[in-house]
file data02.txt (compact mmCIF, C-alpha atoms)
# COMPACT_ATOMS: atom_id res chain seq x y z
CA MET A 144 91.21 78.38 69.79
CA LYS A 145 92.23 79.92 66.45
CA MET A 146 90.74 83.26 67.51
CA PHE A 147 92.68 83.16 70.78
CA LEU A 148 95.98 82.52 68.94
CA LYS A 149 95.25 85.38 66.52
CA ILE A 150 94.58 87.76 69.40
CA LEU A 151 97.66 86.57 71.27
CA SER A 152 99.92 86.94 68.22
CA GLY A 153 98.42 90.36 67.48
CA LEU A 154 99.19 91.50 71.03
CA ALA A 155 102.73 90.12 70.80
CA ILE A 156 103.32 92.02 67.55
CA CYS A 157 101.96 95.24 69.11
CA VAL A 158 104.25 94.88 72.12
CA LEU A 159 107.24 94.21 69.86
CA VAL A 160 106.48 97.27 67.70
CA LEU A 161 106.05 99.39 70.82
CA LEU A 162 109.41 98.25 72.20
CA VAL A 163 111.13 99.07 68.89
CA VAL A 164 109.57 102.55 68.91
CA PHE A 165 110.64 103.09 72.54
CA ARG A 166 114.16 101.91 71.68
CA ILE A 167 114.35 104.47 68.88
CA ILE A 168 112.94 107.40 70.84
CA GLY A 169 114.58 106.42 74.14
CA LEU A 170 111.76 107.05 76.61
CA GLU A 171 113.95 108.72 79.21
CA PRO A 172 112.85 109.21 82.82
CA HIS A 173 111.13 112.45 83.85
CA ASP A 174 111.21 113.76 87.43
CA THR A 175 109.85 110.93 89.57
CA PHE A 176 108.74 108.68 86.69
CA PRO A 177 111.18 106.00 85.51
CA GLY A 178 111.98 105.47 81.86
CA LEU A 179 113.64 102.93 79.60
CA TRP A 180 116.63 103.65 77.33
CA LEU A 181 118.82 106.73 77.71
CA LYS A 182 119.89 108.50 74.51
CA GLY A 183 123.00 110.59 73.86
CA ASN A 184 126.64 110.53 72.81
CA LEU A 185 128.62 107.64 74.30
CA VAL A 186 131.83 108.78 76.01
CA THR A 187 134.34 105.94 76.26
CA ALA A 188 137.29 107.85 77.71
CA PRO A 189 137.90 107.25 81.41
CA VAL A 190 137.01 110.08 83.77
CA THR A 191 139.63 110.63 86.48
CA ASP A 192 137.96 113.59 88.19
CA TRP A 193 134.18 113.88 88.45
CA THR A 194 134.14 117.11 90.50
CA TRP A 195 132.64 118.97 87.53
CA THR A 196 129.37 117.14 88.33
CA ASP A 197 129.05 119.22 91.50
CA LYS A 198 127.35 121.80 89.27
CA VAL A 199 124.93 119.19 87.86
CA PRO A 200 121.70 118.98 89.90
CA THR A 201 120.74 115.42 88.89
CA ILE A 202 121.88 112.60 86.66
CA LYS A 203 120.02 109.86 84.84
CA LEU A 204 120.96 106.29 85.66
CA GLN A 205 120.02 103.30 83.49
CA THR A 206 120.09 99.79 84.92
CA GLU A 207 119.08 96.43 83.48
CA SER A 208 115.87 94.95 84.87
CA TRP A 209 115.41 91.25 85.61
CA TYR A 210 113.06 91.05 82.60
CA LEU A 211 115.86 92.35 80.33
CA LEU A 212 114.48 95.84 79.67
CA PRO A 213 116.34 98.92 80.83
CA HIS A 214 115.07 100.83 83.85
CA SER A 215 116.24 104.45 84.06
CA VAL A 216 115.73 106.98 86.83
CA THR A 217 116.67 110.56 87.66
CA ILE A 218 118.76 110.68 90.85
CA ASP A 219 121.06 112.90 92.90
CA CYS A 220 124.83 112.52 92.72
CA MET A 221 127.79 113.72 94.75
CA THR A 222 131.57 113.69 94.55
CA LEU A 223 134.26 112.89 97.08
CA ASN A 224 137.98 113.08 96.32
CA GLY A 225 137.21 113.27 92.59
CA HIS A 226 135.03 110.14 92.61
CA LEU A 227 131.35 110.17 91.64
CA TYR A 228 128.86 108.62 94.06
CA VAL A 229 125.14 107.89 94.05
CA SER A 230 122.96 106.70 96.88
CA SER A 231 119.71 104.85 97.27
CA GLY A 232 117.47 105.60 100.23
CA TYR A 233 114.19 103.84 100.87
CA PRO A 234 111.89 102.74 103.70
CA PRO A 235 112.63 99.30 105.18
CA GLN A 236 111.18 96.43 103.14
CA SER A 237 110.67 98.72 100.08
CA PRO A 238 113.94 98.82 98.12
CA LYS A 239 114.15 100.96 95.01
CA THR A 240 113.97 99.08 91.71
CA TRP A 241 117.23 100.56 90.46
CA TYR A 242 119.00 99.47 93.66
CA GLU A 243 117.83 95.86 93.20
CA ASN A 244 118.95 95.99 89.56
CA VAL A 245 122.44 97.24 90.51
CA VAL A 246 122.85 94.56 93.17
CA ARG A 247 122.08 91.95 90.50
CA ASP A 248 124.12 93.64 87.72
CA PRO A 249 126.43 96.57 88.61
CA HIS A 250 126.82 97.73 84.99
CA VAL A 251 124.99 101.02 84.46
CA ARG A 252 124.69 103.82 81.93
CA ILE A 253 124.88 107.36 83.28
CA GLN A 254 123.59 110.36 81.38
CA LEU A 255 125.07 113.78 82.11
CA GLY A 256 123.71 116.37 79.72
CA ASN A 257 123.79 114.75 76.30
CA ASN A 258 126.69 112.42 77.17
CA LEU A 259 126.40 108.77 78.18
CA TYR A 260 128.95 106.93 80.32
CA ASP A 261 128.93 103.14 80.59
CA ARG A 262 130.29 102.39 84.05
CA SER A 263 129.97 100.01 87.00
CA LEU A 264 128.79 100.79 90.50
CA THR A 265 130.47 99.40 93.59
CA GLU A 266 128.62 99.50 96.88
CA VAL A 267 130.65 101.31 99.50
CA LYS A 268 131.11 98.96 102.47
CA ASP A 269 133.48 101.20 104.44
CA PRO A 270 131.26 103.19 106.85
CA THR A 271 133.73 106.10 106.95
CA GLU A 272 133.73 106.48 103.17
CA ALA A 273 129.93 106.10 103.00
CA ALA A 274 129.45 108.74 105.71
CA ALA A 275 131.83 111.13 103.92
CA ALA A 276 129.98 110.62 100.63
CA MET A 277 126.63 111.27 102.32
CA LYS A 278 128.07 114.40 103.95
CA ALA A 279 129.07 115.56 100.45
CA LYS A 280 125.50 114.85 99.31
CA TYR A 281 123.96 116.91 102.12
CA THR A 282 126.42 119.72 101.37
CA LYS A 283 125.38 119.69 97.70
CA TYR A 284 121.67 119.40 98.54
CA PRO A 285 121.29 121.37 101.80
CA THR A 286 117.48 121.14 101.83
CA LEU A 287 117.47 117.36 101.39
CA LYS A 288 115.91 115.51 104.30
CA THR A 289 116.19 111.73 104.69
CA PRO A 290 113.85 110.05 107.18
CA SER A 291 115.76 108.41 110.02
CA ASN A 292 114.24 104.97 109.33
CA PHE A 293 115.41 104.89 105.69
CA VAL A 294 117.89 102.27 104.54
CA ILE A 295 120.77 104.01 102.74
CA HIS A 296 123.16 102.39 100.25
CA VAL A 297 126.05 104.37 98.80
CA PHE A 298 127.68 103.44 95.49
CA ARG A 299 130.92 104.64 93.91
CA VAL A 300 131.04 104.97 90.13
CA ASP A 301 134.03 103.06 88.76
CA GLY A 302 135.80 104.24 85.62
call {"tool": "encode", "arguments": {"input": "data02.txt", "output": "structure tokens"}}
result
Amino acid sequence: MKMFLKILSGLAICVLVLLVVFRIIGLEPHDTFPGLWLKGNLVTAPVTDWTWTDKVPTIKLQTESWYLLPHSVTIDCMTLNGHLYVSSGYPPQSPKTWYENVVRDPHVRIQLGNNLYDRSLTEVKDPTEAAAAMKAKYTKYPTLKTPSNFVIHVFRVDG
């Protein structure tokens, strides 16, 4: 029993040290692999016009997982009437982790370049606004193809 407790405490210490190291270095997402914390300069000023992001191919989005660690992904973004939008598309019965995290807690951190923006996401319930945002997405990403059976959720970035 003593040996088991020593091994268990040793593993717990290793996990704790690893989390501290990841917190320091960030461990940002790469391409299709999710990451943990995003690093950069925090911008606290409100953004009234996000159209400058039309020139940005992708953004990084950090959410809070149910087990209290950040979950960050690289995703597409689009603008409509100066507002920034993101969308989540997935096959039925297979929601994206970041989508589930946002439904539970809408507070997110967005990384654009080396700048971080702490914002909230609001799911767009108006079908006209959602369709217009998705049209803006397909205009920005003309080669993007979404399978017809995918479930699509559109979110507006607030702030």
call {"tool": "closest_residue", "arguments": {"input": "data02.txt", "among": "A:Val216, A:Leu179, A:Leu287, A:Val229", "to": "Ala273 of chain A", "atoms": "only C-alpha atoms"}}
result
A:Val229
call {"tool": "closest_residue", "arguments": {"input": "data02.txt", "among": "A:Pro213, A:Pro200, A:Gly225, A:Pro235", "to": "Arg252 of chain A", "atoms": "only C-alpha atoms"}}
result
A:Pro213
call {"tool": "closest_residue", "arguments": {"input": "data02.txt", "among": "A:Thr271, A:Asp219, A:Val251, A:Asn184", "to": "Gly232 of chain A", "atoms": "all atoms listed in the file"}}
result
A:Asp219
call {"tool": "closest_residue", "arguments": {"input": "data02.txt", "among": "A:Asp197, A:Leu227, A:Glu243, A:Gln254", "to": "Trp180 of chain A", "atoms": "only C-alpha atoms"}}
result
A:Gln254
call {"tool": "closest_residue", "arguments": {"input": "data02.txt", "among": "A:Phe298, A:Trp193, A:Phe176, A:Tyr233", "to": "Val267 of chain A", "atoms": "only C-alpha atoms"}}
result
A:Phe298
call {"tool": "atom_distance", "arguments": {"input": "data02.txt", "atom1": "atom CA of Gly256 of chain A", "atom2": "atom CA of Cys220 of chain A"}}
result
13.6 Å
call {"tool": "build_atoms", "arguments": {"input": "data02.txt", "residues": "segment 260-283 of chain A", "atoms": "N, CA and C atoms", "output": "compact mmCIF listing (two decimals), in the coordinates of the input"}}
result
# COMPACT_ATOMS: atom_id res chain seq x y z
N TYR A 260 127.76 107.59 79.78
CA TYR A 260 128.95 106.93 80.32
C TYR A 260 128.56 105.54 80.78
N ASP A 261 129.15 104.52 80.16
CA ASP A 261 128.93 103.14 80.59
C ASP A 261 129.95 102.84 81.70
N ARG A 262 129.44 102.59 82.88
CA ARG A 262 130.29 102.39 84.05
C ARG A 262 129.74 101.25 84.90
N SER A 263 130.43 100.97 86.00
CA SER A 263 129.97 100.01 87.00
C SER A 263 129.86 100.72 88.33
N LEU A 264 128.94 100.25 89.15
CA LEU A 264 128.79 100.79 90.50
C LEU A 264 129.30 99.76 91.50
N THR A 265 130.00 100.25 92.50
CA THR A 265 130.47 99.40 93.59
C THR A 265 129.87 99.93 94.88
N GLU A 266 129.19 99.06 95.61
CA GLU A 266 128.62 99.50 96.88
C GLU A 266 129.73 99.76 97.88
N VAL A 267 129.64 100.90 98.53
CA VAL A 267 130.65 101.31 99.50
C VAL A 267 130.35 100.58 100.81
N LYS A 268 131.27 99.73 101.23
CA LYS A 268 131.11 98.96 102.47
C LYS A 268 131.81 99.62 103.66
N ASP A 269 132.77 100.50 103.38
CA ASP A 269 133.48 101.20 104.44
C ASP A 269 132.58 102.30 105.01
N PRO A 270 132.18 102.20 106.28
CA PRO A 270 131.26 103.19 106.85
C PRO A 270 131.81 104.61 106.85
N THR A 271 133.13 104.77 106.96
CA THR A 271 133.73 106.10 106.95
C THR A 271 133.58 106.74 105.57
N GLU A 272 133.87 105.97 104.53
CA GLU A 272 133.73 106.48 103.17
C GLU A 272 132.27 106.78 102.84
N ALA A 273 131.36 105.89 103.26
CA ALA A 273 129.93 106.10 103.00
C ALA A 273 129.44 107.36 103.71
N ALA A 274 129.86 107.56 104.96
CA ALA A 274 129.45 108.74 105.71
C ALA A 274 130.00 110.02 105.05
N ALA A 275 131.23 109.97 104.58
CA ALA A 275 131.83 111.13 103.92
C ALA A 275 131.10 111.45 102.61
N ALA A 276 130.73 110.41 101.87
CA ALA A 276 129.98 110.62 100.63
C ALA A 276 128.61 111.21 100.92
N MET A 277 127.94 110.72 101.96
CA MET A 277 126.63 111.27 102.32
C MET A 277 126.75 112.71 102.83
N LYS A 278 127.84 113.02 103.52
CA LYS A 278 128.07 114.40 103.95
C LYS A 278 128.22 115.30 102.71
N ALA A 279 128.93 114.81 101.71
CA ALA A 279 129.07 115.56 100.45
C ALA A 279 127.70 115.75 99.79
N LYS A 280 126.85 114.75 99.89
CA LYS A 280 125.50 114.85 99.31
C LYS A 280 124.69 115.93 100.03
N TYR A 281 124.73 115.92 101.36
CA TYR A 281 123.96 116.91 102.12
C TYR A 281 124.54 118.32 101.97
N THR A 282 125.82 118.42 101.66
CA THR A 282 126.42 119.72 101.37
C THR A 282 125.92 120.22 100.01
N LYS A 283 125.85 119.33 99.04
CA LYS A 283 125.38 119.69 97.70
C LYS A 283 123.89 119.99 97.70
